[in-house]
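Undergrad: For reference, the file entry02.cif (mmCIF, N, CA and C atoms and all ligand atoms) is included below:
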data_query
#
loop_
_atom_site.label_atom_id
_atom_site.label_comp_id
_atom_site.auth_asym_id
_atom_site.auth_seq_id
_atom_site.Cartn_x
_atom_site.Cartn_y
_atom_site.Cartn_z
N SER A 2 195.71 -39.54 212.31
CA SER A 2 195.53 -38.12 211.97
C SER A 2 196.81 -37.58 211.32
N PRO A 3 196.70 -36.51 210.55
CA PRO A 3 197.89 -35.99 209.88
C PRO A 3 198.90 -35.42 210.88
N ALA A 4 200.15 -35.41 210.48
CA ALA A 4 201.18 -34.82 211.33
C ALA A 4 200.90 -33.34 211.51
N ALA A 5 201.30 -32.82 212.67
CA ALA A 5 201.06 -31.39 212.95
C ALA A 5 201.67 -30.51 211.85
N SER A 6 202.80 -30.96 211.29
CA SER A 6 203.45 -30.16 210.26
C SER A 6 202.61 -30.07 208.99
N ASP A 7 201.62 -30.96 208.85
CA ASP A 7 200.75 -30.93 207.68
C ASP A 7 199.51 -30.07 207.90
N ARG A 8 199.38 -29.54 209.09
CA ARG A 8 198.18 -28.74 209.36
C ARG A 8 198.31 -27.35 208.75
N PRO A 9 197.19 -26.62 208.67
CA PRO A 9 197.25 -25.28 208.07
C PRO A 9 198.20 -24.34 208.80
N LYS A 10 198.76 -23.41 208.04
CA LYS A 10 199.63 -22.38 208.60
C LYS A 10 198.87 -21.06 208.58
N VAL A 11 199.40 -20.10 209.32
CA VAL A 11 198.77 -18.78 209.37
C VAL A 11 199.66 -17.76 208.66
N GLY A 12 199.09 -17.12 207.65
CA GLY A 12 199.77 -16.03 206.96
C GLY A 12 199.09 -14.72 207.34
N VAL A 13 199.87 -13.65 207.38
CA VAL A 13 199.31 -12.32 207.62
C VAL A 13 199.59 -11.48 206.38
N GLY A 14 198.54 -10.96 205.77
CA GLY A 14 198.67 -10.07 204.61
C GLY A 14 198.28 -8.67 205.06
N VAL A 15 199.04 -7.68 204.60
CA VAL A 15 198.79 -6.31 205.08
C VAL A 15 198.30 -5.41 203.95
N LEU A 16 197.12 -4.86 204.17
CA LEU A 16 196.54 -3.90 203.25
C LEU A 16 197.04 -2.52 203.64
N LEU A 17 198.02 -2.02 202.86
CA LEU A 17 198.54 -0.68 203.09
C LEU A 17 197.81 0.24 202.12
N PHE A 18 196.94 1.06 202.63
CA PHE A 18 196.22 1.98 201.76
C PHE A 18 196.84 3.36 201.82
N LYS A 19 197.08 3.92 200.62
CA LYS A 19 197.48 5.32 200.50
C LYS A 19 196.36 5.96 199.70
N GLY A 20 195.44 6.60 200.38
CA GLY A 20 194.21 7.04 199.72
C GLY A 20 193.46 5.81 199.24
N GLU A 21 193.13 5.77 197.96
CA GLU A 21 192.38 4.62 197.43
C GLU A 21 193.30 3.58 196.81
N ASN A 22 194.61 3.79 196.90
CA ASN A 22 195.57 2.84 196.33
C ASN A 22 196.12 1.90 197.38
N VAL A 23 196.36 0.67 196.96
CA VAL A 23 196.88 -0.36 197.86
C VAL A 23 198.24 -0.82 197.33
N LEU A 24 199.13 -1.22 198.26
CA LEU A 24 200.48 -1.62 197.88
C LEU A 24 200.52 -3.12 197.54
N VAL A 25 200.98 -3.43 196.32
CA VAL A 25 201.15 -4.83 195.92
C VAL A 25 202.51 -5.03 195.27
N GLY A 26 202.97 -6.29 195.29
CA GLY A 26 204.24 -6.62 194.64
C GLY A 26 204.15 -8.00 194.02
N LYS A 27 204.92 -8.20 192.94
CA LYS A 27 204.92 -9.51 192.27
C LYS A 27 205.86 -10.45 193.00
N ARG A 28 205.33 -11.59 193.42
CA ARG A 28 206.12 -12.57 194.18
C ARG A 28 207.17 -13.23 193.31
N LYS A 29 208.24 -13.66 193.98
CA LYS A 29 209.40 -14.23 193.30
C LYS A 29 210.00 -15.31 194.19
N GLY A 30 210.38 -16.43 193.62
CA GLY A 30 211.20 -17.41 194.33
C GLY A 30 210.51 -18.35 195.30
N SER A 31 209.17 -18.24 195.48
CA SER A 31 208.48 -19.21 196.33
C SER A 31 207.11 -19.49 195.74
N HIS A 32 206.27 -20.18 196.49
CA HIS A 32 204.97 -20.51 195.89
C HIS A 32 204.18 -19.24 195.60
N GLY A 33 203.45 -19.28 194.49
CA GLY A 33 202.77 -18.08 194.04
C GLY A 33 203.69 -17.14 193.27
N SER A 34 204.85 -17.67 192.86
CA SER A 34 205.80 -16.87 192.07
C SER A 34 205.10 -16.30 190.83
N GLY A 35 205.31 -15.00 190.56
CA GLY A 35 204.68 -14.37 189.40
C GLY A 35 203.31 -13.79 189.67
N THR A 36 202.78 -14.01 190.88
CA THR A 36 201.47 -13.45 191.21
C THR A 36 201.62 -12.20 192.07
N PHE A 37 200.63 -11.32 192.00
CA PHE A 37 200.66 -10.09 192.80
C PHE A 37 200.06 -10.35 194.18
N ALA A 38 200.80 -9.90 195.19
CA ALA A 38 200.41 -10.15 196.58
C ALA A 38 200.65 -8.92 197.43
N LEU A 39 200.07 -8.95 198.61
CA LEU A 39 200.33 -7.91 199.61
C LEU A 39 201.62 -8.22 200.33
N PRO A 40 202.23 -7.21 200.95
CA PRO A 40 203.32 -7.53 201.87
C PRO A 40 202.76 -8.41 202.99
N GLY A 41 203.60 -9.27 203.53
CA GLY A 41 203.13 -10.15 204.61
C GLY A 41 203.99 -11.37 204.75
N GLY A 42 203.63 -12.23 205.68
CA GLY A 42 204.41 -13.44 205.90
C GLY A 42 203.78 -14.30 206.97
N HIS A 43 204.58 -15.23 207.48
CA HIS A 43 204.07 -16.16 208.48
C HIS A 43 203.96 -15.52 209.85
N LEU A 44 202.89 -15.86 210.55
CA LEU A 44 202.76 -15.52 211.97
C LEU A 44 203.77 -16.38 212.74
N GLU A 45 204.63 -15.74 213.52
CA GLU A 45 205.65 -16.47 214.30
C GLU A 45 205.11 -16.80 215.68
N LEU A 46 205.72 -17.77 216.32
CA LEU A 46 205.30 -18.19 217.67
C LEU A 46 205.25 -17.00 218.62
N GLY A 47 204.13 -16.84 219.28
CA GLY A 47 204.01 -15.80 220.31
C GLY A 47 203.60 -14.44 219.79
N GLU A 48 203.52 -14.27 218.46
CA GLU A 48 203.22 -12.96 217.91
C GLU A 48 201.72 -12.66 217.88
N SER A 49 201.39 -11.39 218.02
CA SER A 49 200.02 -10.95 217.75
C SER A 49 199.91 -10.66 216.25
N PHE A 50 198.69 -10.59 215.73
CA PHE A 50 198.50 -10.24 214.32
C PHE A 50 199.12 -8.86 214.05
N GLU A 51 198.93 -7.95 215.00
CA GLU A 51 199.43 -6.58 214.83
C GLU A 51 200.96 -6.57 214.75
N GLN A 52 201.61 -7.32 215.66
CA GLN A 52 203.08 -7.38 215.66
C GLN A 52 203.59 -7.98 214.36
N CYS A 53 202.93 -9.03 213.89
CA CYS A 53 203.36 -9.68 212.65
C CYS A 53 203.24 -8.70 211.48
N ALA A 54 202.13 -7.99 211.41
CA ALA A 54 201.92 -7.03 210.32
C ALA A 54 203.00 -5.94 210.34
N ILE A 55 203.26 -5.40 211.52
CA ILE A 55 204.26 -4.33 211.66
C ILE A 55 205.65 -4.85 211.24
N ARG A 56 206.01 -6.05 211.71
CA ARG A 56 207.33 -6.63 211.41
C ARG A 56 207.49 -6.93 209.92
N GLU A 57 206.49 -7.59 209.34
CA GLU A 57 206.63 -7.98 207.93
C GLU A 57 206.68 -6.75 207.01
N VAL A 58 205.86 -5.75 207.30
CA VAL A 58 205.87 -4.55 206.45
C VAL A 58 207.22 -3.84 206.55
N LEU A 59 207.78 -3.79 207.74
CA LEU A 59 209.10 -3.16 207.91
C LEU A 59 210.18 -3.97 207.19
N GLU A 60 210.17 -5.29 207.35
CA GLU A 60 211.18 -6.15 206.70
C GLU A 60 211.11 -6.07 205.18
N GLU A 61 209.90 -5.97 204.65
CA GLU A 61 209.73 -6.09 203.20
C GLU A 61 209.71 -4.75 202.47
N THR A 62 209.30 -3.67 203.17
CA THR A 62 209.13 -2.38 202.47
C THR A 62 209.87 -1.22 203.15
N GLY A 63 210.38 -1.46 204.35
CA GLY A 63 211.04 -0.38 205.09
C GLY A 63 210.07 0.62 205.70
N VAL A 64 208.77 0.39 205.53
CA VAL A 64 207.77 1.33 206.08
C VAL A 64 207.41 0.93 207.51
N GLN A 65 207.48 1.89 208.40
CA GLN A 65 207.09 1.66 209.80
C GLN A 65 205.61 2.01 209.94
N ILE A 66 204.77 0.99 210.10
CA ILE A 66 203.34 1.27 210.26
C ILE A 66 202.97 1.29 211.73
N ARG A 67 201.83 1.91 212.02
CA ARG A 67 201.31 1.98 213.39
C ARG A 67 199.86 1.55 213.41
N ASP A 68 199.50 0.78 214.45
CA ASP A 68 198.10 0.42 214.70
C ASP A 68 197.37 -0.21 213.53
N PRO A 69 197.93 -1.27 212.93
CA PRO A 69 197.14 -1.99 211.91
C PRO A 69 195.91 -2.61 212.57
N VAL A 70 194.83 -2.67 211.82
CA VAL A 70 193.53 -3.14 212.34
C VAL A 70 193.07 -4.36 211.55
N PHE A 71 192.51 -5.34 212.25
CA PHE A 71 191.99 -6.53 211.58
C PHE A 71 190.97 -6.14 210.51
N ALA A 72 191.10 -6.75 209.32
CA ALA A 72 190.18 -6.44 208.23
C ALA A 72 189.33 -7.63 207.82
N TYR A 73 189.95 -8.80 207.68
CA TYR A 73 189.22 -9.96 207.15
C TYR A 73 190.10 -11.19 207.31
N ALA A 74 189.49 -12.38 207.16
CA ALA A 74 190.26 -13.62 207.18
C ALA A 74 189.79 -14.51 206.04
N THR A 75 190.72 -15.21 205.42
CA THR A 75 190.36 -16.15 204.36
C THR A 75 191.00 -17.50 204.63
N ASN A 76 190.46 -18.51 203.98
CA ASN A 76 190.93 -19.89 204.11
C ASN A 76 191.31 -20.36 202.72
N THR A 77 192.59 -20.63 202.48
CA THR A 77 193.02 -20.98 201.12
C THR A 77 193.75 -22.31 201.10
N VAL A 78 193.19 -23.26 200.34
CA VAL A 78 193.86 -24.55 200.12
C VAL A 78 194.56 -24.44 198.77
N PHE A 79 195.92 -24.30 198.82
CA PHE A 79 196.68 -24.17 197.57
C PHE A 79 196.75 -25.53 196.87
N ASN A 80 197.04 -26.57 197.66
CA ASN A 80 197.11 -27.93 197.13
C ASN A 80 197.02 -28.87 198.33
N ALA A 81 197.23 -30.17 198.10
CA ALA A 81 197.02 -31.16 199.17
C ALA A 81 197.89 -30.93 200.40
N THR A 82 199.03 -30.26 200.24
CA THR A 82 199.95 -30.09 201.37
C THR A 82 200.19 -28.64 201.77
N THR A 83 199.52 -27.69 201.11
CA THR A 83 199.72 -26.27 201.42
C THR A 83 198.36 -25.61 201.65
N HIS A 84 198.13 -25.25 202.88
CA HIS A 84 196.84 -24.70 203.29
C HIS A 84 197.10 -23.56 204.28
N TYR A 85 196.61 -22.36 203.94
CA TYR A 85 196.83 -21.19 204.79
C TYR A 85 195.53 -20.54 205.22
N VAL A 86 195.49 -20.17 206.47
CA VAL A 86 194.51 -19.20 206.94
C VAL A 86 195.23 -17.86 206.87
N THR A 87 194.66 -16.91 206.16
CA THR A 87 195.28 -15.59 206.05
C THR A 87 194.50 -14.57 206.85
N ILE A 88 195.22 -13.88 207.70
CA ILE A 88 194.66 -12.78 208.47
C ILE A 88 195.05 -11.50 207.74
N PHE A 89 194.08 -10.75 207.29
CA PHE A 89 194.37 -9.48 206.62
C PHE A 89 194.25 -8.33 207.63
N MET A 90 195.32 -7.57 207.71
CA MET A 90 195.37 -6.39 208.57
C MET A 90 195.42 -5.17 207.67
N ARG A 91 194.82 -4.07 208.13
CA ARG A 91 194.75 -2.89 207.30
C ARG A 91 195.33 -1.67 208.03
N VAL A 92 196.01 -0.84 207.26
CA VAL A 92 196.50 0.42 207.81
C VAL A 92 196.48 1.47 206.71
N ASP A 93 196.19 2.69 207.08
CA ASP A 93 196.20 3.80 206.12
C ASP A 93 197.44 4.64 206.36
N VAL A 94 198.20 4.88 205.29
CA VAL A 94 199.46 5.62 205.43
C VAL A 94 199.36 7.00 204.80
N GLU A 95 200.28 7.86 205.19
CA GLU A 95 200.32 9.24 204.70
C GLU A 95 200.72 9.27 203.22
N PRO A 96 200.30 10.34 202.50
CA PRO A 96 200.60 10.43 201.07
C PRO A 96 202.10 10.36 200.74
N GLY A 97 202.95 10.83 201.65
CA GLY A 97 204.38 10.86 201.36
C GLY A 97 205.12 9.54 201.55
N VAL A 98 204.44 8.54 202.04
CA VAL A 98 205.11 7.27 202.35
C VAL A 98 205.50 6.53 201.07
N GLU A 99 206.75 6.07 201.01
CA GLU A 99 207.22 5.28 199.87
C GLU A 99 207.67 3.91 200.35
N ALA A 100 207.44 2.89 199.51
CA ALA A 100 207.85 1.53 199.85
C ALA A 100 209.18 1.21 199.17
N LYS A 101 210.12 0.67 199.92
CA LYS A 101 211.43 0.27 199.37
C LYS A 101 211.43 -1.24 199.13
N LEU A 102 212.13 -1.65 198.10
CA LEU A 102 212.25 -3.08 197.80
C LEU A 102 213.38 -3.66 198.67
N MET A 103 213.01 -4.15 199.85
CA MET A 103 214.00 -4.61 200.83
C MET A 103 214.44 -6.05 200.59
N GLU A 104 213.59 -6.85 199.92
CA GLU A 104 213.90 -8.27 199.69
C GLU A 104 213.77 -8.58 198.20
N PRO A 105 214.74 -8.09 197.39
CA PRO A 105 214.62 -8.23 195.93
C PRO A 105 214.64 -9.68 195.45
N ASP A 106 215.06 -10.60 196.34
CA ASP A 106 215.01 -12.03 195.99
C ASP A 106 213.60 -12.59 196.12
N LYS A 107 212.70 -11.88 196.83
CA LYS A 107 211.35 -12.39 197.09
C LYS A 107 210.25 -11.61 196.38
N CYS A 108 210.61 -10.45 195.82
CA CYS A 108 209.60 -9.57 195.22
C CYS A 108 210.23 -8.81 194.06
N GLU A 109 209.46 -8.65 192.97
CA GLU A 109 209.97 -7.93 191.78
C GLU A 109 209.95 -6.42 191.99
N GLY A 110 209.07 -5.94 192.88
CA GLY A 110 208.97 -4.50 193.11
C GLY A 110 207.60 -4.15 193.65
N TRP A 111 207.53 -3.05 194.40
CA TRP A 111 206.27 -2.61 195.01
C TRP A 111 205.62 -1.53 194.17
N THR A 112 204.30 -1.58 194.11
CA THR A 112 203.57 -0.55 193.36
C THR A 112 202.22 -0.27 194.02
N TRP A 113 201.82 1.00 193.97
CA TRP A 113 200.52 1.41 194.54
C TRP A 113 199.50 1.39 193.43
N VAL A 114 198.43 0.62 193.61
CA VAL A 114 197.42 0.50 192.55
C VAL A 114 196.02 0.66 193.15
N PRO A 115 195.08 1.16 192.34
CA PRO A 115 193.71 1.25 192.83
C PRO A 115 193.18 -0.13 193.21
N TRP A 116 192.37 -0.20 194.25
CA TRP A 116 191.80 -1.47 194.73
C TRP A 116 191.15 -2.26 193.60
N ASP A 117 190.50 -1.56 192.67
CA ASP A 117 189.80 -2.26 191.59
C ASP A 117 190.70 -2.57 190.39
N SER A 118 191.97 -2.22 190.49
CA SER A 118 192.89 -2.44 189.35
C SER A 118 194.15 -3.19 189.76
N ILE A 119 194.04 -4.09 190.72
CA ILE A 119 195.19 -4.91 191.10
C ILE A 119 195.51 -5.82 189.91
N PRO A 120 196.79 -5.81 189.46
CA PRO A 120 197.13 -6.61 188.28
C PRO A 120 196.96 -8.10 188.52
N GLU A 121 196.69 -8.82 187.46
CA GLU A 121 196.59 -10.28 187.52
C GLU A 121 197.85 -10.90 186.93
N PRO A 122 198.13 -12.13 187.31
CA PRO A 122 197.38 -12.95 188.25
C PRO A 122 197.61 -12.52 189.69
N MET A 123 196.59 -12.69 190.52
CA MET A 123 196.72 -12.37 191.95
C MET A 123 197.07 -13.62 192.75
N PHE A 124 197.81 -13.42 193.82
CA PHE A 124 198.10 -14.49 194.78
C PHE A 124 196.75 -14.98 195.33
N GLU A 125 196.61 -16.29 195.46
CA GLU A 125 195.29 -16.86 195.79
C GLU A 125 194.59 -16.23 197.00
N PRO A 126 195.29 -16.01 198.13
CA PRO A 126 194.58 -15.40 199.26
C PRO A 126 194.07 -13.99 198.95
N LEU A 127 194.82 -13.24 198.12
CA LEU A 127 194.37 -11.89 197.76
C LEU A 127 193.16 -11.98 196.84
N LEU A 128 193.17 -12.94 195.92
CA LEU A 128 192.02 -13.16 195.05
C LEU A 128 190.79 -13.52 195.89
N ALA A 129 191.00 -14.36 196.90
CA ALA A 129 189.88 -14.75 197.78
C ALA A 129 189.34 -13.53 198.53
N LEU A 130 190.24 -12.65 198.95
CA LEU A 130 189.79 -11.42 199.64
C LEU A 130 188.98 -10.56 198.68
N LYS A 131 189.49 -10.40 197.45
CA LYS A 131 188.79 -9.58 196.44
C LYS A 131 187.39 -10.13 196.16
N GLU A 132 187.27 -11.46 196.20
CA GLU A 132 185.99 -12.09 195.88
C GLU A 132 185.09 -12.23 197.11
N SER A 133 185.58 -11.79 198.26
CA SER A 133 184.80 -11.89 199.49
C SER A 133 183.89 -10.66 199.63
N ARG A 134 183.23 -10.57 200.76
CA ARG A 134 182.35 -9.43 201.03
C ARG A 134 183.12 -8.22 201.53
N TYR A 135 184.44 -8.38 201.69
CA TYR A 135 185.21 -7.26 202.26
C TYR A 135 185.14 -6.02 201.37
N GLN A 136 184.80 -4.91 201.97
CA GLN A 136 184.72 -3.63 201.26
C GLN A 136 185.66 -2.65 201.96
N PRO A 137 186.78 -2.29 201.33
CA PRO A 137 187.73 -1.43 202.03
C PRO A 137 187.23 -0.01 202.28
N PHE A 138 186.29 0.45 201.45
CA PHE A 138 185.84 1.83 201.60
C PHE A 138 184.37 1.89 201.98
N GLY A 139 184.11 1.58 203.23
CA GLY A 139 182.77 1.73 203.79
C GLY A 139 181.84 0.58 203.47
P1 LIG B 201 208.48 -15.57 206.46
O1 LIG B 201 208.45 -17.02 206.04
O2 LIG B 201 209.83 -14.96 206.48
O3 LIG B 201 207.64 -15.31 207.67
O4 LIG B 201 207.70 -14.81 205.40
P2 LIG B 201 207.98 -14.49 203.89
O5 LIG B 201 209.26 -14.99 203.45
O6 LIG B 201 207.68 -13.06 203.75
O7 LIG B 201 206.89 -15.41 203.24
P3 LIG B 201 205.67 -15.10 202.33
O8 LIG B 201 205.70 -16.19 201.33
O9 LIG B 201 205.58 -13.69 201.89
O10 LIG B 201 204.46 -15.31 203.34
C1 LIG B 201 204.39 -16.49 204.05
C2 LIG B 201 203.15 -17.22 203.71
O11 LIG B 201 202.02 -16.52 204.14
C3 LIG B 201 202.95 -17.44 202.25
O12 LIG B 201 203.72 -18.50 201.81
C4 LIG B 201 201.49 -17.69 202.19
C5 LIG B 201 200.97 -16.91 203.35
N1 LIG B 201 200.20 -15.78 202.91
C6 LIG B 201 198.88 -15.88 202.86
N2 LIG B 201 198.37 -14.71 202.44
C7 LIG B 201 199.39 -13.86 202.19
C8 LIG B 201 199.43 -12.55 201.68
O13 LIG B 201 198.41 -11.91 201.42
N3 LIG B 201 200.64 -12.01 201.49
C9 LIG B 201 201.77 -12.72 201.80
N4 LIG B 201 202.93 -12.13 201.60
N5 LIG B 201 201.74 -13.97 202.29
C10 LIG B 201 200.56 -14.55 202.49
O14 LIG B 201 198.26 -16.88 203.14
MG MG B 202 206.45 -12.00 202.51
MG MG B 203 208.70 -11.61 205.11
#
Could you render the structure as structure tokens?

TA:
Amino acid sequence: SPAASDRPKVGVGVLLFKGENVLVGKRKGSHGSGTFALPGGHLELGESFEQCAIREVLEETGVQIRDPVFAYATNTVFNATTHYVTIFMRVDVEPGVEAKLMEPDKCEGWTWVPWDSIPEPMFEPLLALKESRYQPFG
């Protein structure tokens, strides 16, 4: 059987909605470089999905979110050695909330865009979410 290190990993992507706009940023410096993705990262040992979402959003955007809610899950095989299960968590933020570029080595910049106008190319798990049955507005 394959080594445990070759098994799928768990990523958490966070849907931050400000009205009908969602926060996305262009990835930089790792796999999926140049693609638009949600804030997020790896689930760490012992973490809940909610804790991971809160931590990653704070680390990457400086925004303190509360009570993110499970939205959807996708299964993405990037290549023979990179396979992620992505847990998407959703939270709605106030109109005044702004995202700061906290990790400029990992992201080109954050931008709020309508759900139907996320720029391409999209990071594969986000594309899979877009092509799924998930409907953010009812
Ligand atoms: P970390 O390793 O410090 O925890 O996280 P990071 O430095 O923020 O890594 P990341 O590349 O942003 O996220 C870790 C992995 O999570 C990424 O390589 C693939 C996976 N991942 C998904 N879906 C999503 C998503 O929607 N957004 C983000 N940012 N990562 C995702 O599978
Ligand atoms: Mg990240
Ligand atoms: Mg991170």

Undergrad: Give the residue list for ligand MG 203 (chain B) at 6 Å, counting only N, CA and C atoms and all ligand atoms, as a list in words, sorted by chain and then by residue number.

TA: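 These are the residues that qualify: Gly41, Gly42, His43, Glu57 and Glu61 of chain A.
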
Undergrad: Which residues are close to Ala38 in chain A, i.e. within 6.5 Å by only N, CA and C atoms, leaving aside same-chain residues fewer than 3 positions away? Reply as a list of chain:residue names.

TA: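 Here the answer would be A:Leu24, A:Val25, A:Gly26, A:Lys27, A:Arg28, A:Met123, A:Phe124, A:Leu127.
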
Undergrad: Quick one: residues within 6 Å of ligand LIG 201 (chain B), with only N, CA and C atoms and all ligand atoms, as a ChimeraX atom specification?

TA: /A:11-15,38-44,85-87,126-127

Undergrad: Could you tell me how far CA of Phe71 in chain A lies from atom C of Phe18 in chain A, in Å and to one decimal?

TA: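 A separation of 14.7 Å between them.
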
Undergrad: Please indicate the distance in Å from CA of Arg8 in chain A to atom N of Asn76 in chain A, rounded to one decimal place.

TA: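 Separating CA of Arg8 in chain A from atom N of Asn76 in chain A is a distance of 13.9 Å.
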
Undergrad: Where in chain A does DSSP assign helix (DSSP H, G or I), given as a PyMOL selection string?

TA: chain A and resi 5-7+50-62+116-118+125-131

Undergrad: Atoms to include: N, CA and C atoms. Write the selected residues as a CSV table (one decimal), in the frame of the given file.

TA:
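File produced: result.csv:
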chain,number,residue,atom,x,y,z
A,5,ALA,N,201.3,-32.8,212.7
A,5,ALA,CA,201.1,-31.4,213.0
A,5,ALA,C,201.7,-30.5,211.8
A,6,SER,N,202.8,-31.0,211.3
A,6,SER,CA,203.4,-30.2,210.3
A,6,SER,C,202.6,-30.1,209.0
A,7,ASP,N,201.6,-31.0,208.8
A,7,ASP,CA,200.8,-30.9,207.7
A,7,ASP,C,199.5,-30.1,207.9
A,50,PHE,N,198.7,-10.6,215.7
A,50,PHE,CA,198.5,-10.2,214.3
A,50,PHE,C,199.1,-8.9,214.0
A,51,GLU,N,198.9,-8.0,215.0
A,51,GLU,CA,199.4,-6.6,214.8
A,51,GLU,C,201.0,-6.6,214.8
A,52,GLN,N,201.6,-7.3,215.7
A,52,GLN,CA,203.1,-7.4,215.7
A,52,GLN,C,203.6,-8.0,214.4
A,53,CYS,N,202.9,-9.0,213.9
A,53,CYS,CA,203.4,-9.7,212.6
A,53,CYS,C,203.2,-8.7,211.5
A,54,ALA,N,202.1,-8.0,211.4
A,54,ALA,CA,201.9,-7.0,210.3
A,54,ALA,C,203.0,-5.9,210.3
A,55,ILE,N,203.3,-5.4,211.5
A,55,ILE,CA,204.3,-4.3,211.7
A,55,ILE,C,205.6,-4.8,211.2
A,56,ARG,N,206.0,-6.0,211.7
A,56,ARG,CA,207.3,-6.6,211.4
A,56,ARG,C,207.5,-6.9,209.9
A,57,GLU,N,206.5,-7.6,209.3
A,57,GLU,CA,206.6,-8.0,207.9
A,57,GLU,C,206.7,-6.8,207.0
A,58,VAL,N,205.9,-5.8,207.3
A,58,VAL,CA,205.9,-4.6,206.4
A,58,VAL,C,207.2,-3.8,206.6
A,59,LEU,N,207.8,-3.8,207.7
A,59,LEU,CA,209.1,-3.2,207.9
A,59,LEU,C,210.2,-4.0,207.2
A,60,GLU,N,210.2,-5.3,207.4
A,60,GLU,CA,211.2,-6.2,206.7
A,60,GLU,C,211.1,-6.1,205.2
A,61,GLU,N,209.9,-6.0,204.6
A,61,GLU,CA,209.7,-6.1,203.2
A,61,GLU,C,209.7,-4.8,202.5
A,62,THR,N,209.3,-3.7,203.2
A,62,THR,CA,209.1,-2.4,202.5
A,62,THR,C,209.9,-1.2,203.2
A,116,TRP,N,192.4,-0.2,194.2
A,116,TRP,CA,191.8,-1.5,194.7
A,116,TRP,C,191.2,-2.3,193.6
A,117,ASP,N,190.5,-1.6,192.7
A,117,ASP,CA,189.8,-2.3,191.6
A,117,ASP,C,190.7,-2.6,190.4
A,118,SER,N,192.0,-2.2,190.5
A,118,SER,CA,192.9,-2.4,189.4
A,118,SER,C,194.2,-3.2,189.8
A,125,GLU,N,196.6,-16.3,195.5
A,125,GLU,CA,195.3,-16.9,195.8
A,125,GLU,C,194.6,-16.2,197.0
A,126,PRO,N,195.3,-16.0,198.1
A,126,PRO,CA,194.6,-15.4,199.3
A,126,PRO,C,194.1,-14.0,199.0
A,127,LEU,N,194.8,-13.2,198.1
A,127,LEU,CA,194.4,-11.9,197.8
A,127,LEU,C,193.2,-12.0,196.8
A,128,LEU,N,193.2,-12.9,195.9
A,128,LEU,CA,192.0,-13.2,195.0
A,128,LEU,C,190.8,-13.5,195.9
A,129,ALA,N,191.0,-14.4,196.9
A,129,ALA,CA,189.9,-14.8,197.8
A,129,ALA,C,189.3,-13.5,198.5
A,130,LEU,N,190.2,-12.6,199.0
A,130,LEU,CA,189.8,-11.4,199.6
A,130,LEU,C,189.0,-10.6,198.7
A,131,LYS,N,189.5,-10.4,197.4
A,131,LYS,CA,188.8,-9.6,196.4
A,131,LYS,C,187.4,-10.1,196.2

Undergrad: If you measure from CA of Gly33 in chain A to CA of Val98 in chain A, what distance in Å do you get, rounded to one decimal?

TA: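 Spanning CA of Gly33 in chain A to CA of Val98 in chain A is a straight-line distance of 26.8 Å.
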
Undergrad: Measuring atom to atom with only N, CA and C atoms and all ligand atoms, identify which of A:Met90, A:Ala100, A:Val58, A:Leu130 is nearest to ligand MG 202 (chain B).

TA: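 The shortest atom-to-atom distance to ligand MG 202 (chain B) comes from A:Val58.
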
Undergrad: Using DSSP secondary structure from the backbone, list all strand (DSSP E or B) positions within chain A, as an NGL selection string.

TA: :A and (10-19 or 22-28 or 37-38 or 41-43 or 70-80 or 83-93 or 108-115 or 123)

Undergrad: Emit as lines of an AutoDock Vina configuration file the padded axis-aligned box for all listed atoms of range 32-46 of chain A, 6 Å per side, with centre and edge lengths in Å to one decimal.

TA:
center_x = 203.2
center_y = -13.9
center_z = 204.0
size_x = 18.2
size_y = 25.3
size_z = 41.2

Undergrad: Give the answer as one residue: which of A:Thr75, A:Ser118, A:Gln52, A:Asn22 has the shortest atom-to-atom distance to Val94 in chain A, using only C-alpha atoms?

TA: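 Of all the options, A:Asn22 lies closest to Val94 in chain A.
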